[in-house]
Every structure is written in structure tokens, then in C-alpha cells.
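Pasted below: start17.tsv, TSV, C-alpha atoms.
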chain	number	residue	atom	x	y	z
A	110	MET	CA	-5.04	20.57	13.54
A	111	LYS	CA	-5.24	20.17	9.78
A	112	LEU	CA	-6.17	16.72	8.45
A	113	THR	CA	-2.99	16.63	6.37
A	114	ASN	CA	-0.95	16.81	9.58
A	115	VAL	CA	-2.53	13.52	10.65
A	116	PHE	CA	-0.93	11.88	7.60
A	117	ARG	CA	2.40	13.50	8.46
A	118	LEU	CA	2.12	12.14	11.98
A	119	ALA	CA	1.16	8.71	10.60
A	120	TYR	CA	4.16	8.40	8.29
A	121	ILE	CA	6.56	9.58	11.00
A	122	LEU	CA	5.03	7.02	13.40
A	123	CYS	CA	5.44	4.25	10.78
A	124	ARG	CA	9.08	5.25	10.27
A	125	VAL	CA	9.80	5.26	14.01
A	126	LEU	CA	8.09	1.89	14.51
A	127	PHE	CA	10.06	0.47	11.56
A	128	ILE	CA	13.32	1.48	13.24
A	129	VAL	CA	12.15	0.14	16.62
A	130	ILE	CA	11.14	-3.22	15.13
A	131	ILE	CA	14.53	-3.84	13.44
A	132	PRO	CA	16.47	-4.65	16.68
A	133	LEU	CA	13.55	-6.77	17.88
A	134	ALA	CA	13.66	-8.64	14.57
A	135	ILE	CA	17.41	-9.23	14.87
A	136	PHE	CA	16.95	-10.46	18.45
A	137	SER	CA	14.15	-12.87	17.45
A	138	VAL	CA	16.18	-14.28	14.55
A	139	LEU	CA	19.25	-14.76	16.76
A	140	TYR	CA	17.06	-16.37	19.44
A	141	HIS	CA	15.78	-18.98	16.99
A	142	VAL	CA	19.13	-19.48	15.25
A	143	ALA	CA	20.75	-20.14	18.61
A	144	TYR	CA	18.26	-22.90	19.52
A	145	LEU	CA	18.15	-24.33	16.03
A	146	PHE	CA	21.85	-24.53	15.19
A	147	TYR	CA	23.64	-24.24	18.56
A	148	PRO	CA	21.16	-25.70	21.09
A	149	ASN	CA	23.78	-26.69	23.68
A	150	SER	CA	25.91	-23.58	23.44
A	151	THR	CA	26.21	-20.85	26.07
A	152	PHE	CA	24.89	-18.53	23.36
A	153	ALA	CA	21.55	-20.40	23.38
A	154	ALA	CA	21.59	-20.67	27.18
A	155	SER	CA	21.96	-16.89	27.44
A	156	PHE	CA	18.42	-16.55	26.01
A	157	GLY	CA	16.93	-18.71	28.79
A	158	GLU	CA	14.48	-21.53	28.09
A	159	PHE	CA	13.06	-21.71	24.58
A	160	GLU	CA	9.45	-20.65	24.19
A	161	PRO	CA	7.68	-20.32	20.86
A	162	LEU	CA	6.21	-16.88	20.30
A	163	PHE	CA	2.42	-16.65	20.25
A	164	SER	CA	0.56	-13.59	19.16
A	165	PHE	CA	-2.23	-13.28	21.71
A	166	LEU	CA	-1.51	-15.64	24.59
A	167	THR	CA	1.25	-16.35	27.06
A	168	ILE	CA	1.42	-19.84	28.52
A	169	GLU	CA	4.05	-20.42	31.15
A	170	PHE	CA	4.70	-24.04	31.98
A	171	GLN	CA	6.06	-24.93	35.40
A	172	LYS	CA	8.57	-27.16	33.64
A	173	GLN	CA	9.55	-26.70	30.00
A	174	PRO	CA	7.58	-29.29	27.95
A	175	ALA	CA	9.70	-31.72	25.94
A	176	PHE	CA	8.10	-30.82	22.63
A	177	TYR	CA	9.44	-27.25	22.94
A	178	LEU	CA	12.90	-28.67	22.28
A	179	ASN	CA	11.69	-30.53	19.21
A	180	ASN	CA	13.48	-29.23	16.12
A	181	ASP	CA	10.25	-29.15	14.11
A	182	ILE	CA	8.63	-26.84	16.67
A	183	ILE	CA	11.65	-24.53	16.68
A	184	ILE	CA	11.65	-24.43	12.86
A	185	LEU	CA	7.89	-23.74	12.87
A	186	SER	CA	8.36	-20.95	15.40
A	187	PHE	CA	11.31	-19.60	13.38
A	188	ILE	CA	9.30	-19.46	10.12
A	189	SER	CA	6.31	-17.97	11.96
A	190	THR	CA	8.52	-15.29	13.57
A	191	ILE	CA	10.21	-14.43	10.25
A	192	ALA	CA	6.79	-14.20	8.58
A	193	VAL	CA	5.38	-11.84	11.22
A	194	LEU	CA	8.53	-9.68	11.30
A	195	LEU	CA	8.58	-9.37	7.51
A	196	LEU	CA	4.84	-8.64	7.57
A	197	VAL	CA	5.28	-5.84	10.12
A	198	LEU	CA	8.40	-4.36	8.47
A	199	PHE	CA	6.97	-4.46	4.92
A	200	SER	CA	3.60	-3.09	6.08
A	201	LEU	CA	5.22	-0.23	8.00
A	202	ARG	CA	7.44	0.65	5.03
A	203	ILE	CA	4.49	0.59	2.61
A	204	LEU	CA	2.27	2.62	4.97
A	205	ASP	CA	5.12	5.10	5.49
A	206	LYS	CA	5.32	5.66	1.71
A	207	LEU	CA	1.52	5.76	1.35
A	208	PHE	CA	0.98	8.37	4.08
A	209	GLN	CA	3.94	10.38	2.80
A	210	ASN	CA	2.43	10.41	-0.70
A	211	ILE	CA	-0.96	11.48	0.69
A	212	TYR	CA	0.67	14.23	2.76
A	213	ASN	CA	2.94	15.56	0.01
A	214	ARG	CA	0.73	15.06	-3.03
A	215	SER	CA	-2.61	13.25	-2.97
A	216	LEU	CA	-4.23	9.86	-2.48
A	217	PHE	CA	-5.13	9.78	-6.15
A	218	ILE	CA	-1.76	9.05	-7.74
A	219	ASN	CA	-0.59	5.94	-9.56
A	220	LYS	CA	2.15	5.23	-7.00
A	221	ASN	CA	-0.50	4.66	-4.32
A	222	VAL	CA	-2.25	2.08	-6.49
A	223	SER	CA	0.87	-0.10	-6.53
A	224	LEU	CA	1.36	0.53	-2.81
A	225	PHE	CA	-2.14	-0.83	-2.11
A	226	TYR	CA	-1.37	-3.86	-4.30
A	227	GLN	CA	1.91	-4.41	-2.42
A	228	LEU	CA	0.16	-4.06	0.94
A	229	GLY	CA	-2.59	-6.48	-0.11
A	230	SER	CA	-0.12	-9.10	-1.39
A	231	THR	CA	2.06	-8.77	1.73
A	232	VAL	CA	-0.85	-9.18	4.14
A	233	LEU	CA	-2.34	-11.98	2.05
A	234	VAL	CA	0.83	-14.07	1.83
A	235	LEU	CA	2.85	-13.29	4.96
A	236	GLY	CA	-0.21	-12.67	7.15
A	237	SER	CA	-1.85	-15.98	6.31
A	238	ILE	CA	1.46	-17.89	6.71
A	239	PHE	CA	2.02	-16.32	10.11
A	240	SER	CA	-1.56	-16.83	11.31
A	241	TYR	CA	-1.64	-20.44	10.21
A	242	LEU	CA	1.74	-21.33	11.77
A	243	ASP	CA	0.89	-19.39	14.92
A	244	GLY	CA	-2.34	-21.34	15.23
A	245	LEU	CA	-0.47	-24.60	14.64
A	246	LEU	CA	2.01	-23.82	17.42
A	247	PHE	CA	-0.78	-22.73	19.72
A	248	ASP	CA	-2.69	-25.95	19.02
A	249	LYS	CA	0.36	-28.06	19.85
A	250	THR	CA	0.90	-26.11	23.07
A	251	ILE	CA	-2.73	-26.58	24.14
A	252	GLU	CA	-2.30	-30.33	23.65
A	253	ALA	CA	0.56	-30.24	26.15
A	254	LEU	CA	-1.55	-28.52	28.80
A	255	ASN	CA	-2.75	-30.64	31.66
A	256	ILE	CA	-6.28	-29.40	32.31
A	257	THR	CA	-8.29	-31.53	34.72
A	258	ASN	CA	-11.77	-30.05	34.78
A	259	ALA	CA	-12.26	-28.99	31.17
A	260	THR	CA	-11.41	-29.81	27.59
A	261	VAL	CA	-9.96	-27.14	25.37
A	262	SER	CA	-10.10	-27.26	21.61
A	263	PHE	CA	-8.75	-24.68	19.20
A	264	SER	CA	-9.91	-24.09	15.64
A	265	ASN	CA	-7.02	-22.86	13.53
A	266	VAL	CA	-8.97	-20.64	11.14
A	267	SER	CA	-7.53	-17.24	12.08
A	268	TYR	CA	-5.54	-17.25	8.79
A	269	VAL	CA	-8.81	-16.35	7.06
A	270	ASP	CA	-8.56	-12.81	8.53
A	271	PRO	CA	-5.35	-11.78	6.69
A	272	ILE	CA	-6.63	-13.44	3.51
A	273	ILE	CA	-9.80	-11.29	3.66
A	274	THR	CA	-7.79	-8.17	4.64
A	275	GLY	CA	-5.34	-8.79	1.78
A	276	ILE	CA	-8.13	-9.24	-0.76
A	277	ILE	CA	-9.83	-6.05	0.51
A	278	CYS	CA	-6.54	-4.12	0.10
A	279	LEU	CA	-6.18	-5.48	-3.45
A	280	MET	CA	-9.78	-4.47	-4.20
A	281	ILE	CA	-9.17	-0.96	-2.79
A	282	GLY	CA	-6.08	-0.80	-5.04
A	283	ALA	CA	-8.17	-1.77	-8.07
A	284	ALA	CA	-10.85	0.81	-7.18
A	285	LEU	CA	-8.19	3.45	-6.60
A	286	ARG	CA	-6.72	2.69	-10.02
A	287	VAL	CA	-10.04	3.63	-11.65
A	288	ALA	CA	-10.31	6.75	-9.47
A	289	VAL	CA	-6.74	7.79	-10.33
A	290	GLN	CA	-7.52	7.36	-14.01
A	291	ALA	CA	-10.56	9.64	-13.63
A	292	VAL	CA	-8.55	12.24	-11.71
A	293	GLU	CA	-5.73	12.12	-14.29
A	294	GLU	CA	-8.26	12.55	-17.12
A	295	ASN	CA	-9.79	15.50	-15.34
A	296	LYS	CA	-6.36	17.01	-14.70
A	297	TYR	CA	-5.61	17.19	-18.40
A	298	THR	CA	-9.04	18.58	-19.28
A	299	ILE	CA	-8.90	22.19	-20.34
B	653	MET	CA	-8.30	11.53	-34.67
B	654	ILE	CA	-9.70	14.88	-33.58
B	655	ARG	CA	-7.79	17.95	-34.71
B	656	ILE	CA	-8.16	21.34	-33.05
B	657	ARG	CA	-8.41	24.16	-35.54
B	658	LEU	CA	-7.87	26.86	-32.95
B	659	ASP	CA	-4.78	28.24	-34.72
B	660	VAL	CA	-6.73	28.58	-38.00
B	661	MET	CA	-9.64	30.33	-36.30
B	662	MET	CA	-7.31	32.67	-34.43
B	663	ALA	CA	-5.41	33.50	-37.64
B	664	GLU	CA	-8.65	34.20	-39.51
B	665	ARG	CA	-9.69	36.61	-36.76
B	666	LYS	CA	-6.18	37.99	-36.34
B	667	MET	CA	-6.35	37.25	-32.65
B	668	SER	CA	-3.31	36.57	-30.49
B	669	LEU	CA	-3.13	33.85	-27.85
B	670	ASN	CA	-2.96	36.40	-25.03
B	671	GLU	CA	-5.96	38.28	-26.41
B	672	LEU	CA	-8.00	35.09	-26.65
B	673	SER	CA	-6.81	34.07	-23.19
B	674	GLU	CA	-8.20	37.29	-21.72
B	675	LYS	CA	-11.51	36.84	-23.53
B	676	VAL	CA	-12.14	33.22	-22.52
B	677	GLY	CA	-10.56	33.34	-19.06
B	678	ILE	CA	-8.14	30.45	-19.64
B	679	THR	CA	-4.41	30.81	-19.07
B	680	PRO	CA	-2.23	31.22	-22.21
B	681	ALA	CA	-0.35	28.09	-21.12
B	682	ASN	CA	-3.52	25.97	-21.24
B	683	LEU	CA	-4.69	27.59	-24.46
B	684	SER	CA	-1.31	26.80	-25.97
B	685	ILE	CA	-1.70	23.13	-24.92
B	686	LEU	CA	-5.11	23.12	-26.61
B	687	LYS	CA	-3.80	24.88	-29.74
B	688	ASN	CA	-0.87	22.47	-30.09
B	689	GLU	CA	-3.17	19.46	-29.61
B	690	LYS	CA	-1.41	18.32	-26.46
B	691	GLY	CA	-4.58	18.37	-24.34
B	692	LYS	CA	-6.51	15.17	-23.68
B	693	ALA	CA	-9.99	16.60	-23.18
B	694	VAL	CA	-11.96	19.83	-23.54
B	695	ARG	CA	-14.70	20.99	-21.16
B	696	PHE	CA	-18.03	22.13	-22.66
B	697	SER	CA	-17.58	25.39	-20.76
B	698	THR	CA	-14.21	25.94	-22.53
B	699	LEU	CA	-15.76	25.15	-25.90
B	700	ASP	CA	-18.62	27.50	-25.11
B	701	ALA	CA	-16.24	30.34	-24.19
B	702	LEU	CA	-14.08	29.76	-27.29
B	703	CYS	CA	-17.13	29.75	-29.60
B	704	LYS	CA	-18.32	32.98	-28.00
B	705	ALA	CA	-14.91	34.70	-28.23
B	706	LEU	CA	-14.24	33.55	-31.79
B	707	ASP	CA	-17.87	33.87	-32.92
B	708	CYS	CA	-17.96	30.38	-34.38
B	709	GLN	CA	-19.53	26.92	-33.98
B	710	PRO	CA	-17.88	23.93	-32.17
B	711	GLY	CA	-17.56	22.26	-35.57
B	712	ASP	CA	-15.34	25.15	-36.73
B	713	LEU	CA	-12.92	24.40	-33.88
B	714	LEU	CA	-12.91	20.61	-34.04
B	715	GLU	CA	-12.25	18.43	-37.05
B	716	TYR	CA	-12.24	14.65	-37.40
B	717	ILE	CA	-9.43	13.18	-39.50
B	718	GLU	CA	-9.17	9.46	-40.23
B	719	GLU	CA	-5.83	8.08	-39.09
B	720	SER	CA	-3.78	6.47	-41.83
With the file now loaded, output its structure as C-alpha cells.
Amino acid sequence: MKLTNVFRLAYILCRVLFIVIIPLAIFSVLYHVAYLFYPNSTFAASFGEFEPLFSFLTIEFQKQPAFYLNNDIIILSFISTIAVLLLVLFSLRILDKLFQNIYNRSLFINKNVSLFYQLGSTVLVLGSIFSYLDGLLFDKTIEALNITNATVSFSNVSYVDPIITGIICLMIGAALRVAVQAVEENKYTI
Amino acid sequence: MIRIRLDVMMAERKMSLNELSEKVGITPANLSILKNEKGKAVRFSTLDALCKALDCQPGDLLEYIEES
């Protein structure tokens, strides 16, 4: 298989995932809206008990803890969910365009420079917001756990990861800009 | 700015663009870009081939003019 076909496969995969994520995003938004604005309605009850969404861990309480019904927690979970959904949708869209450009033309074009900048900014802003809020929710949930033979503490520093990733993407964009300039210069050399 | 005096050199030698293109191995389209000063850079190998084909020095092909 030619290497270029990998990029074709990648952009098709990004496009498919983008379409798959949209209904999930709508469901998550409706889920939070129901608990936030119509907590006692049958609409909210149809979603079952409210549980904030965590990225890496599932904690199932025997009885729903009271703080789960706190409006601040629901708002926090809502913002966190919106941040992660926007992050995933924007990233997939940008990667779709990037891989399509690489497949159809080349990596070394000016459009890809701005795509790397967009990807970096998206990961930096939305990624750090999501990671921080996710950590905050997780921390609050851990506090509600009733552990008898151990103490659990959680350091909410995972937001550093998307900050570093975002900065690296911005730096790759800056480096690519120089490379594109060199390629463009060479292209017009006779 | 740098001016290309390719048209002058070709006229002096009564050489057509196609003829020069065959001698230097560069497409007429690219030679035309060079002749009309639309190109951004010239390779040494191109300059070398042009000097050989036109029997001249690089200074005969390139001229510096101060921009007003």
C-alpha cells in the first residue's frame, strides 16, 4: 500500500468519526440541558440518574450522592462536556483538512501552516479547559467516596498535557511555515 | 533590483526562445518566465547553461539597477 493511501484513509476516518460524534454531542448537550433547566421533568427522568462524565474512570455509587444534583456540578459537567465535544469536533475537522491536503497536494503548503496553528490553539484552549474541569469534577467525586482502609488524593495537573501538546503543535506550525517558505522559493527557482 | 538581460543577449545572437530552450535543456515556458523577469530565483546550473549557450559571462545576463 502506498504511503499516500494512509493519508486518504486517515482523512476518511476523521470524517466518519466527525459524523459519528455529532449525535453523541447532541445527546450529551440535551442530557445536561435537561438536568440543568428541567430537573424535575419526565424529559430529565428519561435519561436516568445524573452522572457527570469523566474521561478515564467510571465510579458507580450505590446511591446517587447529593452533590451530583448540585447545580454547580451540573454546570461544571456541562461546560466540561461542551469543551471536550468542541475539542474533538474541531480537531477531527482540522485533521480531516490536513490529511486531505497532504493526500491531494503536499504537507508543505501554506494552508497546512494555518491548520497546525488552529489545531494548536484548539488543543491549548479547549483541551486545558476540559482537562482542568474534568479533574475538578473527579476530585469532588473522590471526596464523596467512602473508603475505609485508604486515603485517596488526586492532583489536578492533567491540564498541563494539552497545554504542552498545543504549544508543540504551534511550534510545528511555525517550523512548517519556514519549510513552506523554502519549498515555495525552490519552486520558483529556474 | 536585478534585471535579466536575456532578451538582449538572445537578440544579439539572433537566437529564438525555442532554440535556446533546446540548447540549455529548460522548457520554453520557464525560459519565458526568466526572460520576462517573473522568476524569483535562478539556479547556478541554469546560469551556467545559459552562459555556455550564449557564449557570455553571468554579468552579461544580470544587471543591477537602483530602484527609484
Return the neighbours of chain B among the residues of chain A, cut-off 7 Å, counting only C-alpha atoms, as a PyMOL selection string.
chain A and resi 297-299
Just the residues within 8 Å of region 178-183 of chain A, please, counting only C-alpha atoms, with nothing from its chain fewer than 2 positions along; format it as a VMD selection string.
chain A and resid 141 144 to 145 159 161 174 to 176 185 to 187 246
One decimal, in Å: what's the spacing between CA of Tyr147 (chain A) and CA of Lys172 (chain A)?
21.5 Å
Could you work out how far CA of Gly229 (chain A) lies from CA of Cys278 (chain A), giving the answer in Å with one decimal?
4.6 Å
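Here CA of Ser240 (chain A) stands at a distance of 8.4 Å from CA of Asn265 (chain A).
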If we count only C-alpha atoms, what is near Ala705 (chain B) at a cut-off of 9 Å, once residues fewer than 2 positions away on the same chain are taken out, given as a ChimeraX atom specification?
/B:672,675-676,700-703,707-708
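If you count all atoms listed in the file and ignore residues fewer than 3 places along the chain from Val269 (chain A), what sits within 12 Å of it is Val232, Leu233, Val234, Gly236, Ser237, Ile238, Phe239, Ser240, Tyr241, Gly244, Ser264, Asn265, Val266, Ile272, Ile273, Thr274, Gly275 and Ile276 of chain A.
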Judged by only C-alpha atoms, the minimum distance to Thr167 (chain A) among A:Leu245, A:Leu133, A:Tyr120, A:Ile251 is found for A:Ile251
